[in-house]
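A.B. asks: Just one file: structure-v4.cif, with mmCIF, N, CA and C atoms, pLDDT in the B column; chains and numbers go by the auth columns.
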data_structure
loop_
_atom_site.group_PDB
_atom_site.id
_atom_site.type_symbol
_atom_site.label_atom_id
_atom_site.label_comp_id
_atom_site.label_asym_id
_atom_site.label_seq_id
_atom_site.Cartn_x
_atom_site.Cartn_y
_atom_site.Cartn_z
_atom_site.B_iso_or_equiv
_atom_site.auth_seq_id
_atom_site.auth_asym_id
ATOM 1 N N MET A 1 -99.439 22.918 -61.059 91.00 1 Z
ATOM 2 C CA MET A 1 -99.116 24.227 -61.570 91.00 1 Z
ATOM 3 C C MET A 1 -98.385 24.992 -60.473 91.00 1 Z
ATOM 4 N N LYS A 2 -97.350 25.695 -60.854 96.00 2 Z
ATOM 5 C CA LYS A 2 -96.571 26.484 -59.896 96.00 2 Z
ATOM 6 C C LYS A 2 -97.053 27.934 -59.965 96.00 2 Z
ATOM 7 N N PRO A 3 -97.740 28.425 -58.927 97.00 3 Z
ATOM 8 C CA PRO A 3 -98.320 29.762 -58.981 97.00 3 Z
ATOM 9 C C PRO A 3 -97.318 30.883 -59.268 97.00 3 Z
ATOM 10 N N LEU A 4 -96.158 30.873 -58.622 97.00 4 Z
ATOM 11 C CA LEU A 4 -95.182 31.947 -58.864 97.00 4 Z
ATOM 12 C C LEU A 4 -94.647 31.906 -60.290 97.00 4 Z
ATOM 13 N N GLN A 5 -94.397 30.704 -60.797 97.00 5 Z
ATOM 14 C CA GLN A 5 -93.922 30.563 -62.177 97.00 5 Z
ATOM 15 C C GLN A 5 -95.000 31.021 -63.157 97.00 5 Z
ATOM 16 N N THR A 6 -96.244 30.677 -62.879 97.00 6 Z
ATOM 17 C CA THR A 6 -97.349 31.100 -63.735 97.00 6 Z
ATOM 18 C C THR A 6 -97.477 32.616 -63.720 97.00 6 Z
ATOM 19 N N GLY A 7 -97.386 33.222 -62.537 97.00 7 Z
ATOM 20 C CA GLY A 7 -97.466 34.675 -62.427 97.00 7 Z
ATOM 21 C C GLY A 7 -96.337 35.365 -63.160 97.00 7 Z
ATOM 22 N N LEU A 8 -95.129 34.867 -63.000 97.00 8 Z
ATOM 23 C CA LEU A 8 -93.975 35.457 -63.679 97.00 8 Z
ATOM 24 C C LEU A 8 -94.115 35.329 -65.189 97.00 8 Z
ATOM 25 N N THR A 9 -94.554 34.176 -65.652 97.00 9 Z
ATOM 26 C CA THR A 9 -94.741 33.956 -67.087 97.00 9 Z
ATOM 27 C C THR A 9 -95.779 34.919 -67.656 97.00 9 Z
ATOM 28 N N LEU A 10 -96.901 35.067 -66.966 97.00 10 Z
ATOM 29 C CA LEU A 10 -97.942 35.970 -67.444 97.00 10 Z
ATOM 30 C C LEU A 10 -97.475 37.420 -67.388 97.00 10 Z
ATOM 31 N N GLY A 11 -96.813 37.826 -66.313 97.00 11 Z
ATOM 32 C CA GLY A 11 -96.309 39.191 -66.196 97.00 11 Z
ATOM 33 C C GLY A 11 -95.328 39.544 -67.296 97.00 11 Z
ATOM 34 N N ILE A 12 -94.410 38.643 -67.596 98.00 12 Z
ATOM 35 C CA ILE A 12 -93.435 38.883 -68.663 98.00 12 Z
ATOM 36 C C ILE A 12 -94.129 38.931 -70.022 98.00 12 Z
ATOM 37 N N THR A 13 -95.055 38.016 -70.255 98.00 13 Z
ATOM 38 C CA THR A 13 -95.773 37.978 -71.528 98.00 13 Z
ATOM 39 C C THR A 13 -96.532 39.278 -71.770 98.00 13 Z
ATOM 40 N N VAL A 14 -97.256 39.746 -70.776 98.00 14 Z
ATOM 41 C CA VAL A 14 -98.007 40.995 -70.925 98.00 14 Z
ATOM 42 C C VAL A 14 -97.045 42.167 -71.125 98.00 14 Z
ATOM 43 N N GLY A 15 -95.940 42.178 -70.403 97.00 15 Z
ATOM 44 C CA GLY A 15 -94.951 43.243 -70.562 97.00 15 Z
ATOM 45 C C GLY A 15 -94.383 43.305 -71.968 97.00 15 Z
ATOM 46 N N VAL A 16 -94.059 42.156 -72.526 98.00 16 Z
ATOM 47 C CA VAL A 16 -93.509 42.107 -73.886 98.00 16 Z
ATOM 48 C C VAL A 16 -94.547 42.579 -74.901 98.00 16 Z
ATOM 49 N N PHE A 17 -95.772 42.088 -74.776 97.00 17 Z
ATOM 50 C CA PHE A 17 -96.794 42.471 -75.752 97.00 17 Z
ATOM 51 C C PHE A 17 -97.225 43.925 -75.592 97.00 17 Z
ATOM 52 N N TYR A 18 -97.225 44.454 -74.363 97.00 18 Z
ATOM 53 C CA TYR A 18 -97.493 45.878 -74.169 97.00 18 Z
ATOM 54 C C TYR A 18 -96.404 46.708 -74.839 97.00 18 Z
ATOM 55 N N SER A 19 -95.151 46.290 -74.698 97.00 19 Z
ATOM 56 C CA SER A 19 -94.039 47.001 -75.325 97.00 19 Z
ATOM 57 C C SER A 19 -94.164 46.984 -76.845 97.00 19 Z
ATOM 58 N N LEU A 20 -94.526 45.833 -77.411 97.00 20 Z
ATOM 59 C CA LEU A 20 -94.713 45.748 -78.863 97.00 20 Z
ATOM 60 C C LEU A 20 -95.863 46.637 -79.325 97.00 20 Z
ATOM 61 N N CYS A 21 -96.937 46.661 -78.561 95.00 21 Z
ATOM 62 C CA CYS A 21 -98.080 47.502 -78.884 95.00 21 Z
ATOM 63 C C CYS A 21 -97.673 48.978 -78.862 95.00 21 Z
ATOM 64 N N ALA A 22 -96.938 49.395 -77.838 94.00 22 Z
ATOM 65 C CA ALA A 22 -96.487 50.784 -77.737 94.00 22 Z
ATOM 66 C C ALA A 22 -95.545 51.136 -78.889 94.00 22 Z
ATOM 67 N N LEU A 23 -94.703 50.197 -79.284 95.00 23 Z
ATOM 68 C CA LEU A 23 -93.779 50.436 -80.397 95.00 23 Z
ATOM 69 C C LEU A 23 -94.538 50.644 -81.706 95.00 23 Z
ATOM 70 N N VAL A 24 -95.522 49.804 -81.957 94.00 24 Z
ATOM 71 C CA VAL A 24 -96.319 49.951 -83.182 94.00 24 Z
ATOM 72 C C VAL A 24 -97.060 51.289 -83.168 94.00 24 Z
ATOM 73 N N TRP A 25 -97.634 51.656 -82.031 91.00 25 Z
ATOM 74 C CA TRP A 25 -98.329 52.942 -81.910 91.00 25 Z
ATOM 75 C C TRP A 25 -97.365 54.096 -82.181 91.00 25 Z
ATOM 76 N N PHE A 26 -96.146 54.005 -81.637 91.00 26 Z
ATOM 77 C CA PHE A 26 -95.138 55.048 -81.818 91.00 26 Z
ATOM 78 C C PHE A 26 -94.699 55.160 -83.276 91.00 26 Z
ATOM 79 N N LEU A 27 -94.501 54.009 -83.939 94.00 27 Z
ATOM 80 C CA LEU A 27 -94.002 54.005 -85.314 94.00 27 Z
ATOM 81 C C LEU A 27 -95.071 54.308 -86.355 94.00 27 Z
ATOM 82 N N ALA A 28 -96.303 53.899 -86.108 94.00 28 Z
ATOM 83 C CA ALA A 28 -97.364 54.063 -87.121 94.00 28 Z
ATOM 84 C C ALA A 28 -98.707 54.352 -86.442 94.00 28 Z
ATOM 85 N N PRO A 29 -98.850 55.549 -85.867 91.00 29 Z
ATOM 86 C CA PRO A 29 -100.078 55.829 -85.112 91.00 29 Z
ATOM 87 C C PRO A 29 -101.357 55.793 -85.954 91.00 29 Z
ATOM 88 N N ASP A 30 -101.301 56.253 -87.192 91.00 30 Z
ATOM 89 C CA ASP A 30 -102.508 56.249 -88.033 91.00 30 Z
ATOM 90 C C ASP A 30 -102.939 54.827 -88.395 91.00 30 Z
ATOM 91 N N ALA A 31 -101.982 54.011 -88.782 94.00 31 Z
ATOM 92 C CA ALA A 31 -102.299 52.612 -89.108 94.00 31 Z
ATOM 93 C C ALA A 31 -102.783 51.869 -87.862 94.00 31 Z
ATOM 94 N N PHE A 32 -102.183 52.159 -86.719 92.00 32 Z
ATOM 95 C CA PHE A 32 -102.598 51.521 -85.474 92.00 32 Z
ATOM 96 C C PHE A 32 -104.035 51.911 -85.132 92.00 32 Z
ATOM 97 N N MET A 33 -104.365 53.185 -85.294 91.00 33 Z
ATOM 98 C CA MET A 33 -105.720 53.640 -85.000 91.00 33 Z
ATOM 99 C C MET A 33 -106.726 52.995 -85.955 91.00 33 Z
ATOM 100 N N ALA A 34 -106.369 52.873 -87.219 93.00 34 Z
ATOM 101 C CA ALA A 34 -107.253 52.212 -88.179 93.00 34 Z
ATOM 102 C C ALA A 34 -107.472 50.754 -87.778 93.00 34 Z
ATOM 103 N N PHE A 35 -106.407 50.084 -87.349 93.00 35 Z
ATOM 104 C CA PHE A 35 -106.525 48.702 -86.888 93.00 35 Z
ATOM 105 C C PHE A 35 -107.455 48.604 -85.687 93.00 35 Z
ATOM 106 N N MET A 36 -107.277 49.485 -84.710 91.00 36 Z
ATOM 107 C CA MET A 36 -108.116 49.462 -83.512 91.00 36 Z
ATOM 108 C C MET A 36 -109.582 49.708 -83.861 91.00 36 Z
ATOM 109 N N ASN A 37 -109.829 50.643 -84.763 93.00 37 Z
ATOM 110 C CA ASN A 37 -111.202 50.911 -85.186 93.00 37 Z
ATOM 111 C C ASN A 37 -111.819 49.679 -85.841 93.00 37 Z
ATOM 112 N N ASN A 38 -111.055 48.988 -86.675 93.00 38 Z
ATOM 113 C CA ASN A 38 -111.548 47.765 -87.329 93.00 38 Z
ATOM 114 C C ASN A 38 -111.725 46.627 -86.328 93.00 38 Z
ATOM 115 N N LEU A 39 -110.807 46.542 -85.372 93.00 39 Z
ATOM 116 C CA LEU A 39 -110.868 45.486 -84.371 93.00 39 Z
ATOM 117 C C LEU A 39 -112.168 45.563 -83.566 93.00 39 Z
ATOM 118 N N PHE A 40 -112.627 46.770 -83.323 92.00 40 Z
ATOM 119 C CA PHE A 40 -113.859 46.968 -82.552 92.00 40 Z
ATOM 120 C C PHE A 40 -115.039 47.285 -83.466 92.00 40 Z
ATOM 121 N N HIS A 41 -115.084 46.620 -84.615 91.00 41 Z
ATOM 122 C CA HIS A 41 -116.221 46.660 -85.538 91.00 41 Z
ATOM 123 C C HIS A 41 -116.599 48.071 -85.979 91.00 41 Z
ATOM 124 N N GLY A 42 -115.593 48.879 -86.241 87.00 42 Z
ATOM 125 C CA GLY A 42 -115.850 50.209 -86.788 87.00 42 Z
ATOM 126 C C GLY A 42 -116.053 51.301 -85.759 87.00 42 Z
ATOM 127 N N LEU A 43 -115.978 50.986 -84.488 92.00 43 Z
ATOM 128 C CA LEU A 43 -116.083 52.012 -83.461 92.00 43 Z
ATOM 129 C C LEU A 43 -114.916 52.984 -83.650 92.00 43 Z
ATOM 130 N N ASP A 44 -115.186 54.274 -83.694 92.00 44 Z
ATOM 131 C CA ASP A 44 -114.161 55.274 -83.985 92.00 44 Z
ATOM 132 C C ASP A 44 -113.537 55.786 -82.684 92.00 44 Z
ATOM 133 N N PHE A 45 -112.289 55.422 -82.458 88.00 45 Z
ATOM 134 C CA PHE A 45 -111.572 55.859 -81.267 88.00 45 Z
ATOM 135 C C PHE A 45 -110.843 57.184 -81.462 88.00 45 Z
ATOM 136 N N SER A 46 -110.794 57.701 -82.675 87.00 46 Z
ATOM 137 C CA SER A 46 -109.998 58.896 -82.954 87.00 46 Z
ATOM 138 C C SER A 46 -110.389 60.115 -82.115 87.00 46 Z
ATOM 139 N N PRO A 47 -111.670 60.323 -81.755 89.00 47 Z
ATOM 140 C CA PRO A 47 -111.964 61.475 -80.892 89.00 47 Z
ATOM 141 C C PRO A 47 -111.327 61.373 -79.495 89.00 47 Z
ATOM 142 N N LEU A 48 -110.941 60.182 -79.093 86.00 48 Z
ATOM 143 C CA LEU A 48 -110.333 59.999 -77.780 86.00 48 Z
ATOM 144 C C LEU A 48 -108.839 60.325 -77.762 86.00 48 Z
ATOM 145 N N VAL A 49 -108.237 60.424 -78.943 85.00 49 Z
ATOM 146 C CA VAL A 49 -106.795 60.641 -79.032 85.00 49 Z
ATOM 147 C C VAL A 49 -106.490 62.114 -78.805 85.00 49 Z
ATOM 148 N N GLN A 50 -105.601 62.360 -77.862 85.00 50 Z
ATOM 149 C CA GLN A 50 -105.125 63.713 -77.592 85.00 50 Z
ATOM 150 C C GLN A 50 -103.629 63.727 -77.851 85.00 50 Z
ATOM 151 N N PRO A 51 -103.184 64.502 -78.823 82.00 51 Z
ATOM 152 C CA PRO A 51 -101.758 64.507 -79.163 82.00 51 Z
ATOM 153 C C PRO A 51 -100.897 64.925 -77.967 82.00 51 Z
ATOM 154 N N ARG A 52 -99.936 64.092 -77.665 84.00 52 Z
ATOM 155 C CA ARG A 52 -98.955 64.419 -76.641 84.00 52 Z
ATOM 156 C C ARG A 52 -97.700 63.625 -76.934 84.00 52 Z
ATOM 157 N N PRO A 53 -96.571 64.131 -76.518 87.00 53 Z
ATOM 158 C CA PRO A 53 -95.313 63.454 -76.833 87.00 53 Z
ATOM 159 C C PRO A 53 -95.136 62.168 -76.040 87.00 53 Z
ATOM 160 N N PHE A 54 -94.404 61.255 -76.637 87.00 54 Z
ATOM 161 C CA PHE A 54 -94.044 60.009 -75.963 87.00 54 Z
ATOM 162 C C PHE A 54 -93.094 60.336 -74.824 87.00 54 Z
ATOM 163 N N THR A 55 -93.320 59.711 -73.668 93.00 55 Z
ATOM 164 C CA THR A 55 -92.391 59.865 -72.547 93.00 55 Z
ATOM 165 C C THR A 55 -92.015 58.482 -72.025 93.00 55 Z
ATOM 166 N N TRP A 56 -90.760 58.328 -71.714 94.00 56 Z
ATOM 167 C CA TRP A 56 -90.297 57.062 -71.166 94.00 56 Z
ATOM 168 C C TRP A 56 -90.907 56.810 -69.800 94.00 56 Z
ATOM 169 N N SER A 57 -91.102 57.878 -69.027 95.00 57 Z
ATOM 170 C CA SER A 57 -91.671 57.687 -67.691 95.00 57 Z
ATOM 171 C C SER A 57 -93.105 57.154 -67.780 95.00 57 Z
ATOM 172 N N GLY A 58 -93.891 57.674 -68.713 94.00 58 Z
ATOM 173 C CA GLY A 58 -95.254 57.182 -68.903 94.00 58 Z
ATOM 174 C C GLY A 58 -95.274 55.738 -69.360 94.00 58 Z
ATOM 175 N N PHE A 59 -94.388 55.422 -70.303 95.00 59 Z
ATOM 176 C CA PHE A 59 -94.300 54.048 -70.803 95.00 59 Z
ATOM 177 C C PHE A 59 -93.873 53.088 -69.697 95.00 59 Z
ATOM 178 N N LEU A 60 -92.821 53.448 -68.959 97.00 60 Z
ATOM 179 C CA LEU A 60 -92.291 52.551 -67.931 97.00 60 Z
ATOM 180 C C LEU A 60 -93.251 52.384 -66.755 97.00 60 Z
ATOM 181 N N SER A 61 -93.963 53.445 -66.402 97.00 61 Z
ATOM 182 C CA SER A 61 -94.916 53.298 -65.298 97.00 61 Z
ATOM 183 C C SER A 61 -96.084 52.399 -65.712 97.00 61 Z
ATOM 184 N N SER A 62 -96.569 52.561 -66.932 96.00 62 Z
ATOM 185 C CA SER A 62 -97.644 51.682 -67.423 96.00 62 Z
ATOM 186 C C SER A 62 -97.163 50.244 -67.538 96.00 62 Z
ATOM 187 N N LEU A 63 -95.967 50.062 -68.068 97.00 63 Z
ATOM 188 C CA LEU A 63 -95.390 48.729 -68.193 97.00 63 Z
ATOM 189 C C LEU A 63 -95.260 48.071 -66.828 97.00 63 Z
ATOM 190 N N SER A 64 -94.794 48.822 -65.847 97.00 64 Z
ATOM 191 C CA SER A 64 -94.639 48.274 -64.492 97.00 64 Z
ATOM 192 C C SER A 64 -95.976 47.869 -63.887 97.00 64 Z
ATOM 193 N N VAL A 65 -96.957 48.762 -63.982 97.00 65 Z
ATOM 194 C CA VAL A 65 -98.267 48.468 -63.402 97.00 65 Z
ATOM 195 C C VAL A 65 -98.891 47.242 -64.063 97.00 65 Z
ATOM 196 N N LEU A 66 -98.862 47.183 -65.394 97.00 66 Z
ATOM 197 C CA LEU A 66 -99.439 46.033 -66.098 97.00 66 Z
ATOM 198 C C LEU A 66 -98.715 44.736 -65.759 97.00 66 Z
ATOM 199 N N SER A 67 -97.402 44.777 -65.715 97.00 67 Z
ATOM 200 C CA SER A 67 -96.623 43.571 -65.424 97.00 67 Z
ATOM 201 C C SER A 67 -96.851 43.080 -63.998 97.00 67 Z
ATOM 202 N N ILE A 68 -96.868 44.001 -63.049 98.00 68 Z
ATOM 203 C CA ILE A 68 -97.090 43.615 -61.653 98.00 68 Z
ATOM 204 C C ILE A 68 -98.513 43.088 -61.463 98.00 68 Z
ATOM 205 N N TRP A 69 -99.487 43.787 -62.044 98.00 69 Z
ATOM 206 C CA TRP A 69 -100.886 43.357 -61.920 98.00 69 Z
ATOM 207 C C TRP A 69 -101.075 41.957 -62.500 98.00 69 Z
ATOM 208 N N THR A 70 -100.513 41.724 -63.684 98.00 70 Z
ATOM 209 C CA THR A 70 -100.697 40.415 -64.306 98.00 70 Z
ATOM 210 C C THR A 70 -99.870 39.335 -63.609 98.00 70 Z
ATOM 211 N N PHE A 71 -98.759 39.720 -62.967 98.00 71 Z
ATOM 212 C CA PHE A 71 -98.023 38.757 -62.147 98.00 71 Z
ATOM 213 C C PHE A 71 -98.938 38.233 -61.036 98.00 71 Z
ATOM 214 N N PHE A 72 -99.578 39.155 -60.316 98.00 72 Z
ATOM 215 C CA PHE A 72 -100.473 38.740 -59.237 98.00 72 Z
ATOM 216 C C PHE A 72 -101.683 37.974 -59.762 98.00 72 Z
ATOM 217 N N ALA A 73 -102.202 38.376 -60.909 98.00 73 Z
ATOM 218 C CA ALA A 73 -103.319 37.637 -61.506 98.00 73 Z
ATOM 219 C C ALA A 73 -102.880 36.217 -61.854 98.00 73 Z
ATOM 220 N N GLY A 74 -101.673 36.064 -62.381 97.00 74 Z
ATOM 221 C CA GLY A 74 -101.160 34.737 -62.717 97.00 74 Z
ATOM 222 C C GLY A 74 -100.912 33.879 -61.494 97.00 74 Z
ATOM 223 N N VAL A 75 -100.391 34.496 -60.424 98.00 75 Z
ATOM 224 C CA VAL A 75 -100.191 33.754 -59.170 98.00 75 Z
ATOM 225 C C VAL A 75 -101.540 33.273 -58.642 98.00 75 Z
ATOM 226 N N PHE A 76 -102.516 34.155 -58.661 98.00 76 Z
ATOM 227 C CA PHE A 76 -103.846 33.773 -58.187 98.00 76 Z
ATOM 228 C C PHE A 76 -104.433 32.672 -59.065 98.00 76 Z
ATOM 229 N N PHE A 77 -104.273 32.807 -60.374 97.00 77 Z
ATOM 230 C CA PHE A 77 -104.769 31.790 -61.302 97.00 77 Z
ATOM 231 C C PHE A 77 -104.139 30.433 -60.988 97.00 77 Z
ATOM 232 N N GLY A 78 -102.814 30.401 -60.816 97.00 78 Z
ATOM 233 C CA GLY A 78 -102.133 29.150 -60.495 97.00 78 Z
ATOM 234 C C GLY A 78 -102.595 28.566 -59.177 97.00 78 Z
ATOM 235 N N TRP A 79 -102.765 29.427 -58.178 97.00 79 Z
ATOM 236 C CA TRP A 79 -103.221 28.974 -56.861 97.00 79 Z
ATOM 237 C C TRP A 79 -104.632 28.401 -56.932 97.00 79 Z
ATOM 238 N N ILE A 80 -105.544 29.142 -57.552 97.00 80 Z
ATOM 239 C CA ILE A 80 -106.936 28.681 -57.609 97.00 80 Z
ATOM 240 C C ILE A 80 -107.061 27.439 -58.493 97.00 80 Z
ATOM 241 N N SER A 81 -106.258 27.367 -59.538 96.00 81 Z
ATOM 242 C CA SER A 81 -106.259 26.189 -60.397 96.00 81 Z
ATOM 243 C C SER A 81 -105.841 24.948 -59.610 96.00 81 Z
ATOM 244 N N ASN A 82 -104.832 25.097 -58.782 96.00 82 Z
ATOM 245 C CA ASN A 82 -104.387 23.969 -57.933 96.00 82 Z
ATOM 246 C C ASN A 82 -105.483 23.554 -56.952 96.00 82 Z
ATOM 247 N N ARG A 83 -106.183 24.526 -56.389 96.00 83 Z
ATOM 248 C CA ARG A 83 -107.254 24.209 -55.437 96.00 83 Z
ATOM 249 C C ARG A 83 -108.391 23.471 -56.117 96.00 83 Z
ATOM 250 N N ILE A 84 -108.747 23.898 -57.312 96.00 84 Z
ATOM 251 C CA ILE A 84 -109.830 23.250 -58.051 96.00 84 Z
ATOM 252 C C ILE A 84 -109.423 21.838 -58.462 96.00 84 Z
ATOM 253 N N ALA A 85 -108.143 21.674 -58.859 95.00 85 Z
ATOM 254 C CA ALA A 85 -107.658 20.362 -59.316 95.00 85 Z
ATOM 255 C C ALA A 85 -107.635 19.356 -58.171 95.00 85 Z
ATOM 256 N N GLN A 86 -107.523 19.813 -56.936 92.00 86 Z
ATOM 257 C CA GLN A 86 -107.478 18.910 -55.790 92.00 86 Z
ATOM 258 C C GLN A 86 -108.836 18.302 -55.471 92.00 86 Z
ATOM 259 N N ARG A 87 -109.876 18.842 -56.008 85.00 87 Z
ATOM 260 C CA ARG A 87 -111.243 18.351 -55.691 85.00 87 Z
ATOM 261 C C ARG A 87 -111.639 17.217 -56.547 85.00 87 Z
#
Please go through the file and, once you have read it, give me the structure as structure tokens.
C.D. replies:
Amino acid sequence: MKPLQTGLTLGITVGVFYSLCALVWFLAPDAFMAFMNNLFHGLDFSPLVQPRPFTWSGFLSSLSVLSIWTFFAGVFFGWISNRIAQR
């Protein structure tokens, strides 16, 4: 396993899926909230929602942090996987 390739793959994957999630939330916030409530067995997340406008800076900073974090997690995963496989 190539740790840098694994990290890059995971970082890109999380970035793409975070972007899709943000797009769905932006386009259909009520349906998205209903889905989230159902996903967590009826737990109601609506009291946590505070209306505020979408900002590109907020989206891009979150996207960057998630992508970078998961890149490093993927690199570590690839590295530790190689170490375990050597035993």
A.B. asks: Can you give me, as JSON, numbers by chain, the residues this file yields under the PyMOL selection byres ((chain Z and resi 5-13) around 5)?
C.D. replies: {"Z": [2, 3, 4, 14, 15, 16, 17, 67, 70, 71, 74, 75]}
A.B. asks: I need the residues from that last selection saved to file as a PDB file, keeping the file's coordinate frame (with N, CA and C atoms), if you can.
C.D. replies:
ATOM      1  N   LYS Z   2     -97.350  25.695 -60.854  1.00 96.00           N
ATOM      2  CA  LYS Z   2     -96.571  26.484 -59.896  1.00 96.00           C
ATOM      3  C   LYS Z   2     -97.053  27.934 -59.965  1.00 96.00           C
ATOM      4  N   PRO Z   3     -97.740  28.425 -58.927  1.00 97.00           N
ATOM      5  CA  PRO Z   3     -98.320  29.762 -58.981  1.00 97.00           C
ATOM      6  C   PRO Z   3     -97.318  30.883 -59.268  1.00 97.00           C
ATOM      7  N   LEU Z   4     -96.158  30.873 -58.622  1.00 97.00           N
ATOM      8  CA  LEU Z   4     -95.182  31.947 -58.864  1.00 97.00           C
ATOM      9  C   LEU Z   4     -94.647  31.906 -60.290  1.00 97.00           C
ATOM     10  N   VAL Z  14     -97.256  39.746 -70.776  1.00 98.00           N
ATOM     11  CA  VAL Z  14     -98.007  40.995 -70.925  1.00 98.00           C
ATOM     12  C   VAL Z  14     -97.045  42.167 -71.125  1.00 98.00           C
ATOM     13  N   GLY Z  15     -95.940  42.178 -70.403  1.00 97.00           N
ATOM     14  CA  GLY Z  15     -94.951  43.243 -70.562  1.00 97.00           C
ATOM     15  C   GLY Z  15     -94.383  43.305 -71.968  1.00 97.00           C
ATOM     16  N   VAL Z  16     -94.059  42.156 -72.526  1.00 98.00           N
ATOM     17  CA  VAL Z  16     -93.509  42.107 -73.886  1.00 98.00           C
ATOM     18  C   VAL Z  16     -94.547  42.579 -74.901  1.00 98.00           C
ATOM     19  N   PHE Z  17     -95.772  42.088 -74.776  1.00 97.00           N
ATOM     20  CA  PHE Z  17     -96.794  42.471 -75.752  1.00 97.00           C
ATOM     21  C   PHE Z  17     -97.225  43.925 -75.592  1.00 97.00           C
ATOM     22  N   SER Z  67     -97.402  44.777 -65.715  1.00 97.00           N
ATOM     23  CA  SER Z  67     -96.623  43.571 -65.424  1.00 97.00           C
ATOM     24  C   SER Z  67     -96.851  43.080 -63.998  1.00 97.00           C
ATOM     25  N   THR Z  70    -100.513  41.724 -63.684  1.00 98.00           N
ATOM     26  CA  THR Z  70    -100.697  40.415 -64.306  1.00 98.00           C
ATOM     27  C   THR Z  70     -99.870  39.335 -63.609  1.00 98.00           C
ATOM     28  N   PHE Z  71     -98.759  39.720 -62.967  1.00 98.00           N
ATOM     29  CA  PHE Z  71     -98.023  38.757 -62.147  1.00 98.00           C
ATOM     30  C   PHE Z  71     -98.938  38.233 -61.036  1.00 98.00           C
ATOM     31  N   GLY Z  74    -101.673  36.064 -62.381  1.00 97.00           N
ATOM     32  CA  GLY Z  74    -101.160  34.737 -62.717  1.00 97.00           C
ATOM     33  C   GLY Z  74    -100.912  33.879 -61.494  1.00 97.00           C
ATOM     34  N   VAL Z  75    -100.391  34.496 -60.424  1.00 98.00           N
ATOM     35  CA  VAL Z  75    -100.191  33.754 -59.170  1.00 98.00           C
ATOM     36  C   VAL Z  75    -101.540  33.273 -58.642  1.00 98.00           C
TER      37      VAL Z  75
END
A.B. asks: Write out as JSON, numbers by chain all residues of chain Z that DSSP puts in alpha helix (DSSP H) for this structure's backbone.
C.D. replies: {"Z": [3, 4, 5, 6, 7, 8, 9, 10, 11, 12, 13, 14, 15, 16, 17, 18, 19, 20, 21, 22, 23, 24, 25, 26, 27, 29, 30, 31, 32, 33, 34, 35, 36, 37, 38, 39, 56, 57, 58, 59, 60, 61, 62, 63, 64, 65, 66, 67, 68, 69, 70, 71, 72, 73, 74, 75, 76, 77, 78, 79, 80, 81, 82, 83, 84, 85]}
A.B. asks: So the first atom is atom CA of Z:Ala22 and the second is atom CA of Z:Ala34; what is the distance between them in Å, to one decimal place?
C.D. replies: 15.1 Å
A.B. asks: Expressed in Å to a single decimal, how great is the separation between atom CA of Z:Ala28 and atom N of Z:His41?
C.D. replies: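 Atom-to-atom, atom CA of Z:Ala28 and atom N of Z:His41 are spaced 19.4 Å apart.
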A.B. asks: Report the distance between atom CA of Z:Gly78 and atom CA of Z:Met1 in Å, rounded to one decimal place.
C.D. replies: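 So the two atoms, atom CA of Z:Gly78 and atom CA of Z:Met1, lie 5.9 Å apart.
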A.B. asks: Considering all atoms listed in the file, can you say which of Z:Ile80, Z:Ser46, Z:Pro51, Z:Trp56 comes closest to Z:Met33?
C.D. replies: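 Of Z:Ile80, Z:Ser46, Z:Pro51, Z:Trp56, the one nearest Z:Met33 is Z:Ser46, counting all atoms listed in the file.
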